[in-house]
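Enquirer: I'm passing along upload_32.pdb; it holds PDB, C-alpha atoms and all ligand atoms.
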ATOM      1  CA  MET A 425       0.000   0.000   0.000  1.00  0.00           C
ATOM      2  CA  ALA A 426       1.250   3.465  -0.875  1.00  0.00           C
ATOM      3  CA  VAL A 427       2.366   5.565   2.059  1.00  0.00           C
ATOM      4  CA  PRO A 428       2.635   9.406   1.937  1.00  0.00           C
ATOM      5  CA  TYR A 429       6.252  10.521   1.654  1.00  0.00           C
ATOM      6  CA  GLY A 430       5.820  13.256   4.218  1.00  0.00           C
ATOM      7  CA  ARG A 431       3.273  15.182   6.190  1.00  0.00           C
ATOM      8  CA  LYS A 432       1.515  17.883   4.153  1.00  0.00           C
ATOM      9  CA  SER A 433       2.100  21.315   5.620  1.00  0.00           C
ATOM     10  CA  ARG A 434      -0.763  23.316   7.082  1.00  0.00           C
ATOM     11  CA  THR A 435      -0.394  25.878   4.283  1.00  0.00           C
ATOM     12  CA  LYS A 436      -0.544  23.224   1.574  1.00  0.00           C
ATOM     13  CA  SER A 437      -3.778  21.679   2.850  1.00  0.00           C
ATOM     14  CA  ARG A 438      -5.341  25.079   3.492  1.00  0.00           C
ATOM     15  CA  THR A 439      -4.385  26.289  -0.003  1.00  0.00           C
ATOM     16  CA  GLN A 440      -6.046  23.235  -1.538  1.00  0.00           C
ATOM     17  CA  ARG A 441      -9.135  23.808   0.609  1.00  0.00           C
ATOM     18  CA  ALA A 442      -9.305  27.456  -0.494  1.00  0.00           C
ATOM     19  CA  ALA A 443      -8.985  26.406  -4.142  1.00  0.00           C
ATOM     20  CA  ASN A 444     -12.169  24.319  -3.793  1.00  0.00           C
ATOM     21  CA  MET A 445     -14.060  27.324  -2.410  1.00  0.00           C
ATOM     22  CA  ARG A 446     -12.892  29.554  -5.255  1.00  0.00           C
ATOM     23  CA  TYR A 447     -15.415  32.017  -6.692  1.00  0.00           C
ATOM     24  CA  THR A 448     -16.883  31.010 -10.058  1.00  0.00           C
ATOM     25  CA  PRO A 449     -18.883  33.711 -11.875  1.00  0.00           C
ATOM     26  CA  LYS A 450     -22.503  32.767 -12.580  1.00  0.00           C
ATOM     27  CA  ALA A 451     -23.449  32.406 -16.243  1.00  0.00           C
ATOM     28  CA  TYR A 452     -26.097  34.762 -17.607  1.00  0.00           C
ATOM     29  CA  THR A 453     -27.389  35.987 -20.940  1.00  0.00           C
ATOM     30  CA  HIS A 454     -29.579  38.848 -22.124  1.00  0.00           C
ATOM     31  CA  CYS A 455     -33.221  38.596 -23.085  1.00  0.00           C
ATOM     32  CA  SER A 456     -33.732  38.721 -26.860  1.00  0.00           C
ATOM     33  CA  LYS A 457     -36.978  40.683 -26.373  1.00  0.00           C
ATOM     34  CA  CYS A 458     -36.157  43.351 -23.789  1.00  0.00           C
ATOM     35  CA  GLY A 459     -32.386  42.958 -23.366  1.00  0.00           C
ATOM     36  CA  GLU A 460     -32.615  42.433 -19.609  1.00  0.00           C
ATOM     37  CA  ALA A 461     -29.992  40.155 -17.996  1.00  0.00           C
ATOM     38  CA  LYS A 462     -31.396  36.682 -17.345  1.00  0.00           C
ATOM     39  CA  ALA A 463     -30.234  33.157 -16.518  1.00  0.00           C
ATOM     40  CA  PRO A 464     -29.777  30.937 -19.604  1.00  0.00           C
ATOM     41  CA  HIS A 465     -32.656  28.492 -20.321  1.00  0.00           C
ATOM     42  CA  HIS A 466     -34.966  30.442 -18.033  1.00  0.00           C
ATOM     43  CA  ILE A 467     -37.961  32.683 -18.635  1.00  0.00           C
ATOM     44  CA  CYS A 468     -37.126  36.400 -18.634  1.00  0.00           C
ATOM     45  CA  GLY A 469     -38.192  37.898 -15.325  1.00  0.00           C
ATOM     46  CA  SER A 470     -38.997  41.347 -16.664  1.00  0.00           C
ATOM     47  CA  CYS A 471     -41.087  40.576 -19.787  1.00  0.00           C
ATOM     48  CA  GLY A 472     -42.028  36.869 -19.435  1.00  0.00           C
ATOM     49  CA  HIS A 473     -40.622  35.784 -22.797  1.00  0.00           C
ATOM     50  CA  TYR A 474     -38.830  32.540 -23.540  1.00  0.00           C
ATOM     51  CA  ALA A 475     -37.649  31.155 -26.906  1.00  0.00           C
ATOM     52  CA  GLY A 476     -39.185  34.096 -28.747  1.00  0.00           C
ATOM     53  CA  ARG A 477     -42.722  33.810 -27.363  1.00  0.00           C
ATOM     54  CA  GLN A 478     -44.769  35.060 -24.380  1.00  0.00           C
ATOM     55  CA  VAL A 479     -44.777  32.332 -21.719  1.00  0.00           C
ATOM     56  CA  ILE A 480     -46.047  34.076 -18.565  1.00  0.00           C
ATOM     57  CA  GLN A 481     -47.866  37.327 -17.893  1.00  0.00           C
ATOM     58  CA  VAL A 482     -45.720  39.734 -15.887  1.00  0.00           C
ATOM     59  CA  VAL A 483     -47.772  41.779 -13.428  1.00  0.00           C
ATOM     60  CA  GLU A 484     -46.869  45.463 -13.629  1.00  0.00           C
ATOM     61  CA  GLU A 485     -47.232  47.644 -10.565  1.00  0.00           C
TER      62      GLU A 485
HETATM   63 ZN    ZN B 501     -37.242  40.086 -21.422  1.00  0.00          ZN
END
Please lay out the structure from this file as structure tokens.
Ligand SMILES: [Zn+2]
Expert:
Amino acid sequence: MAVPYGRKSRTKSRTQRAANMRYTPKAYTHCSKCGEAKAPHHICGSCGHYAGRQVIQVVEE
């Protein structure tokens, strides 16, 4: 059975741990109808369009 050559330093394990918690920017696109930023493959929150057609009615206040 393989045995570790030496003890990993505190910095080395903490660096690896921090690398796993690294920030990854969230993907988003713009609505083709109103140009508002929206998540890909989701209905637009401001106009209710998806795939070029009206899917939900957005209540305006
Ligand atoms: Zn829209």
Enquirer: How would you write, as an MDAnalysis selection string, the set of residues no farther than 7 Å from ligand ZN 501 (chain B) when counting all atoms listed in the file?
Expert: chainID A and resid 455:460 468:473
Enquirer: Adding 4 Å on each side of the box along x, y and z that holds all listed atoms of region 479-484 of chain A, could you give its centre and edge lengths in Å to one decimal, as lines of an AutoDock Vina configuration file?
Expert:
center_x = -46.3
center_y = 38.9
center_z = -17.6
size_x = 11.1
size_y = 21.1
size_z = 16.3
Enquirer: I need the output of the PyMOL selection byres (((chain A and resi 464) around 6) and not hetatm) for this file as a PyMOL selection string; which residues are they?
Expert: chain A and resi 452-453+463+465-466
Enquirer: Could you state the separation of CA of Ala461 (chain A) and CA of Val482 (chain A) in Å, given to one decimal place?
Expert: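 Interatomic distance here is 15.9 Å.
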Enquirer: Using Å and a single decimal, report how far CA of Lys462 (chain A) sits from CA of Ile480 (chain A).
Expert: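 Atom-to-atom, CA of Ile480 (chain A) to CA of Lys462 (chain A), that is 14.9 Å.
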Enquirer: Could you jot down the CA of Asn444 (chain A) to CA of Met425 (chain A) separation for me, Å, one decimal place?
Expert: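 Here the two named atoms are 27.5 Å from each other.
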